[in-house]
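J.: My questions all concern the structure below.
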Amino acid sequence: MTEDRGPAKKPPMRDVLAEAAFGLFMERGFERTTVDDIVARAGVGRRSFFRYFPSKEDAVFPDHERCLADMTAFLADAGDDDPVATVCDAARLVLRMYAENPEFSVQRYRLTREVPGLRTYELSVVRRYERTLAGYLERRWAEAPDAPSDAALRAEVIAASVVAAHNNGLRSWLRSGGEGDAGAEVDRALELVRAVWSEADGRPVTRAPQPAPVATAPAPPASVGEDEVIVMVARKGAPMWRVVQHIESALGTA
């Protein structure tokens, strides 16, 4: 006696269209494939295509919307851990998406390298990930009692560093044809970001760099004669205004 499981579940229409589109792109080339070609292969009308994808370019990257949503949810649920480590972990969600289907990811990478319009589109997608990470960092630091005055700039710089490190490891793996451990490549690159932007004990860097302190010799007598010499030692990198301020203070002219 066999069990009747019923008809197989149909894949989502978005996936059907994306598969049809990418198959045609690989066979005919991106520029020579039209939306009419795609819907004909998928067996649907043009309206169905544009319900899911605003353009042909969007059909090349059908999984990024889901990944962006996953990243946003991951950051929203993040605890009070090191925010730099958190955005590094969030970036790994993108790696996981690529690693789920290595063959497709490698083919898409090669197609993207051949079509200038797709490279431009890919940059816009990367920028969306970057803004998502930067927004999280800025919010975290805004809530801190000792929030840095340059929180927005710091968030942008660190988010860009995370994205650059992730993409360096990911593209190395893609260029190899998907051989080897993609996670190891990305982990190594992201660890450099953590080493630069996180404290040794794992806490986030939340203080803006302070001006280099200035050391002065013991204060001179209240009245400084014309023949007396004042010696002051300043650390390299100290701003000139502070050096002048200390000189004037020593001379009693401030």
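Each chain in the structure tokens gets a letter, A, B and so on, in the order shown; residues start at 1 in every chain, and ligands are counted from 1 in the order they appear.
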Just want the 8 Å neighbourhood of segment 82-89 of chain A, counted on only C-alpha atoms, with same-chain residues fewer than 2 positions away dropped. Output as a ChimeraX atom specification.

T.: /A:75,78,80,91-93,133,137,140,158-159,162,190,194,197-198,202-204

J.: I need the residues of segment 49-135 of chain A that end up classed as helix (DSSP H, G or I) by DSSP on the backbone, written out as an MDAnalysis selection string.

T.: chainID A and resid 49:52 56:60 64:76 83:100 102:114 116:135

J.: Once you have the residues from the selection above, write them out as a compact mmCIF listing (two decimals), in the first residue's frame, restricted to C-alpha atoms.

T.:
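And here is the file that came out, out_37.txt:
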```txt
# COMPACT_ATOMS: atom_id res chain seq x y z
CA PHE A 49 7.39 39.36 -14.57
CA PHE A 50 7.09 43.00 -13.57
CA ARG A 51 5.10 42.06 -10.50
CA TYR A 52 8.28 40.45 -9.13
CA LYS A 56 16.08 42.37 -16.10
CA GLU A 57 18.90 43.34 -13.74
CA ASP A 58 16.74 42.54 -10.73
CA ALA A 59 16.19 39.02 -12.08
CA VAL A 60 19.96 38.40 -11.90
CA HIS A 64 19.36 39.87 -2.31
CA GLU A 65 16.00 41.26 -1.18
CA ARG A 66 15.52 38.26 1.08
CA CYS A 67 19.06 38.52 2.36
CA LEU A 68 18.65 42.22 3.14
CA ALA A 69 15.48 41.41 5.06
CA ASP A 70 17.31 38.67 6.98
CA MET A 71 20.16 41.05 7.80
CA THR A 72 17.76 43.74 9.03
CA ALA A 73 15.99 41.22 11.27
CA PHE A 74 19.31 39.85 12.57
CA LEU A 75 20.52 43.32 13.55
CA ALA A 76 17.18 44.18 15.14
CA PRO A 83 28.57 46.02 17.63
CA VAL A 84 31.59 45.62 15.35
CA ALA A 85 31.46 41.83 15.83
CA THR A 86 27.70 41.97 15.25
CA VAL A 87 27.99 43.66 11.85
CA CYS A 88 30.70 41.17 10.90
CA ASP A 89 28.28 38.34 11.73
CA ALA A 90 25.56 40.10 9.75
CA ALA A 91 27.84 40.22 6.72
CA ARG A 92 28.26 36.46 6.95
CA LEU A 93 24.57 36.11 6.09
CA VAL A 94 25.45 37.31 2.59
CA LEU A 95 28.21 34.72 2.36
CA ARG A 96 25.77 32.01 3.44
CA MET A 97 23.39 33.05 0.66
CA TYR A 98 26.14 32.69 -1.95
CA ALA A 99 27.39 29.40 -0.51
CA GLU A 100 23.90 27.83 -0.65
CA PRO A 102 27.91 27.68 -5.43
CA GLU A 103 27.35 26.86 -9.12
CA PHE A 104 24.78 29.61 -9.57
CA SER A 105 26.88 32.09 -7.57
CA VAL A 106 29.97 31.46 -9.70
CA GLN A 107 28.01 31.74 -12.95
CA ARG A 108 26.40 34.98 -11.79
CA TYR A 109 29.78 36.38 -10.80
CA ARG A 110 31.18 35.67 -14.26
CA LEU A 111 28.11 37.13 -15.96
CA THR A 112 28.32 40.25 -13.82
CA ARG A 113 31.97 40.74 -14.77
CA GLU A 114 31.00 40.66 -18.46
CA PRO A 116 28.85 46.69 -17.25
CA GLY A 117 25.20 47.35 -16.41
CA LEU A 118 25.16 44.42 -14.02
CA ARG A 119 28.32 45.63 -12.28
CA THR A 120 26.65 48.99 -11.74
CA TYR A 121 23.54 47.29 -10.38
CA GLU A 122 25.65 45.12 -8.10
CA LEU A 123 27.30 48.23 -6.64
CA SER A 124 23.87 49.62 -5.75
CA VAL A 125 23.04 46.37 -3.95
CA VAL A 126 26.32 46.48 -2.05
CA ARG A 127 25.57 50.04 -1.01
CA ARG A 128 22.24 48.93 0.47
CA TYR A 129 24.01 46.37 2.64
CA GLU A 130 26.48 49.03 3.69
CA ARG A 131 23.74 51.48 4.68
CA THR A 132 21.99 48.76 6.69
CA LEU A 133 25.16 48.01 8.69
CA ALA A 134 25.99 51.68 9.17
CA GLY A 135 22.49 52.44 10.40
```

J.: Can you list, as a PDB file with N, CA, C and O atoms, in the first residue's frame, every protein, DNA or RNA residue that comes within 9 Å of Ala18 of chain A when you count only C-alpha atoms, leaving out same-chain residues fewer than 3 positions away?

T.:
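Written output follows (part-v9.pdb):
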```
ATOM      1  N   MET A  13       6.558  31.611  -7.985  1.00  0.00           N
ATOM      2  CA  MET A  13       6.680  32.205  -9.310  1.00  0.00           C
ATOM      3  C   MET A  13       7.947  33.060  -9.430  1.00  0.00           C
ATOM      4  O   MET A  13       8.577  33.114 -10.498  1.00  0.00           O
ATOM      5  N   ARG A  14       8.342  33.712  -8.362  1.00  0.00           N
ATOM      6  CA  ARG A  14       9.568  34.517  -8.395  1.00  0.00           C
ATOM      7  C   ARG A  14      10.767  33.640  -8.767  1.00  0.00           C
ATOM      8  O   ARG A  14      11.616  34.034  -9.569  1.00  0.00           O
ATOM      9  N   ASP A  15      10.831  32.439  -8.179  1.00  0.00           N
ATOM     10  CA  ASP A  15      11.930  31.525  -8.471  1.00  0.00           C
ATOM     11  C   ASP A  15      11.852  31.000  -9.898  1.00  0.00           C
ATOM     12  O   ASP A  15      12.884  30.821 -10.565  1.00  0.00           O
ATOM     13  N   ALA A  21      15.030  33.376 -16.468  1.00  0.00           N
ATOM     14  CA  ALA A  21      15.836  34.522 -16.897  1.00  0.00           C
ATOM     15  C   ALA A  21      17.310  34.171 -16.922  1.00  0.00           C
ATOM     16  O   ALA A  21      18.012  34.417 -17.915  1.00  0.00           O
ATOM     17  N   PHE A  22      17.791  33.556 -15.855  1.00  0.00           N
ATOM     18  CA  PHE A  22      19.225  33.293 -15.782  1.00  0.00           C
ATOM     19  C   PHE A  22      19.642  32.244 -16.811  1.00  0.00           C
ATOM     20  O   PHE A  22      20.727  32.334 -17.398  1.00  0.00           O
ATOM     21  N   GLY A  23      18.778  31.264 -17.034  1.00  0.00           N
ATOM     22  CA  GLY A  23      19.089  30.268 -18.061  1.00  0.00           C
ATOM     23  C   GLY A  23      19.266  30.914 -19.423  1.00  0.00           C
ATOM     24  O   GLY A  23      20.193  30.585 -20.174  1.00  0.00           O
ATOM     25  N   ILE A  38      11.910  35.848 -21.560  1.00  0.00           N
ATOM     26  CA  ILE A  38      11.875  35.269 -20.216  1.00  0.00           C
ATOM     27  C   ILE A  38      10.481  34.744 -19.877  1.00  0.00           C
ATOM     28  O   ILE A  38      10.319  33.623 -19.403  1.00  0.00           O
ATOM     29  N   PHE A  53       9.833  41.610 -10.603  1.00  0.00           N
ATOM     30  CA  PHE A  53      11.108  42.236 -10.934  1.00  0.00           C
ATOM     31  C   PHE A  53      10.892  43.519 -11.730  1.00  0.00           C
ATOM     32  O   PHE A  53      10.296  43.476 -12.811  1.00  0.00           O
ATOM     33  N   ASP A  58      17.243  43.068 -11.995  1.00  0.00           N
ATOM     34  CA  ASP A  58      16.737  42.535 -10.728  1.00  0.00           C
ATOM     35  C   ASP A  58      16.613  41.012 -10.776  1.00  0.00           C
ATOM     36  O   ASP A  58      16.789  40.342  -9.747  1.00  0.00           O
ATOM     37  N   ALA A  59      16.347  40.471 -11.956  1.00  0.00           N
ATOM     38  CA  ALA A  59      16.192  39.024 -12.081  1.00  0.00           C
ATOM     39  C   ALA A  59      17.524  38.295 -11.924  1.00  0.00           C
ATOM     40  O   ALA A  59      17.544  37.092 -11.647  1.00  0.00           O
ATOM     41  N   VAL A  60      18.646  39.009 -12.086  1.00  0.00           N
ATOM     42  CA  VAL A  60      19.963  38.399 -11.901  1.00  0.00           C
ATOM     43  C   VAL A  60      20.283  38.260 -10.413  1.00  0.00           C
ATOM     44  O   VAL A  60      21.049  37.394 -10.011  1.00  0.00           O
ATOM     45  N   PHE A  61      19.675  39.118  -9.610  1.00  0.00           N
ATOM     46  CA  PHE A  61      19.954  39.126  -8.166  1.00  0.00           C
ATOM     47  C   PHE A  61      18.664  38.911  -7.375  1.00  0.00           C
ATOM     48  O   PHE A  61      18.281  39.746  -6.550  1.00  0.00           O
ATOM     49  N   PRO A  62      17.982  37.804  -7.590  1.00  0.00           N
ATOM     50  CA  PRO A  62      16.669  37.615  -6.967  1.00  0.00           C
ATOM     51  C   PRO A  62      16.714  37.360  -5.471  1.00  0.00           C
ATOM     52  O   PRO A  62      15.708  37.506  -4.782  1.00  0.00           O
TER      53      PRO A  62
END
```

J.: Can you pull out every residue within 9 Å of Ala182 of chain A, counting only C-alpha atoms, but drop anything in the same chain fewer than 5 positions away, and send it as a PDB file with C-alpha atoms, in the first residue's frame?

T.:
```
ATOM      1  CA  LEU A  95      28.208  34.724   2.359  1.00  0.00           C
ATOM      2  CA  ALA A  99      27.385  29.404  -0.511  1.00  0.00           C
ATOM      3  CA  GLY A 169      37.028  37.045   0.704  1.00  0.00           C
ATOM      4  CA  LEU A 170      33.848  36.243  -1.224  1.00  0.00           C
ATOM      5  CA  SER A 172      38.429  35.334  -4.012  1.00  0.00           C
ATOM      6  CA  TRP A 173      36.276  32.247  -3.548  1.00  0.00           C
ATOM      7  CA  LEU A 174      34.149  33.053  -6.608  1.00  0.00           C
ATOM      8  CA  ASP A 187      36.544  35.087   8.271  1.00  0.00           C
TER       9      ASP A 187
END
```

J.: Report the distance between atom CA of Ala42 of chain A and atom CA of Arg28 of chain A in Å, rounded to one decimal place.

T.: 15.9 Å
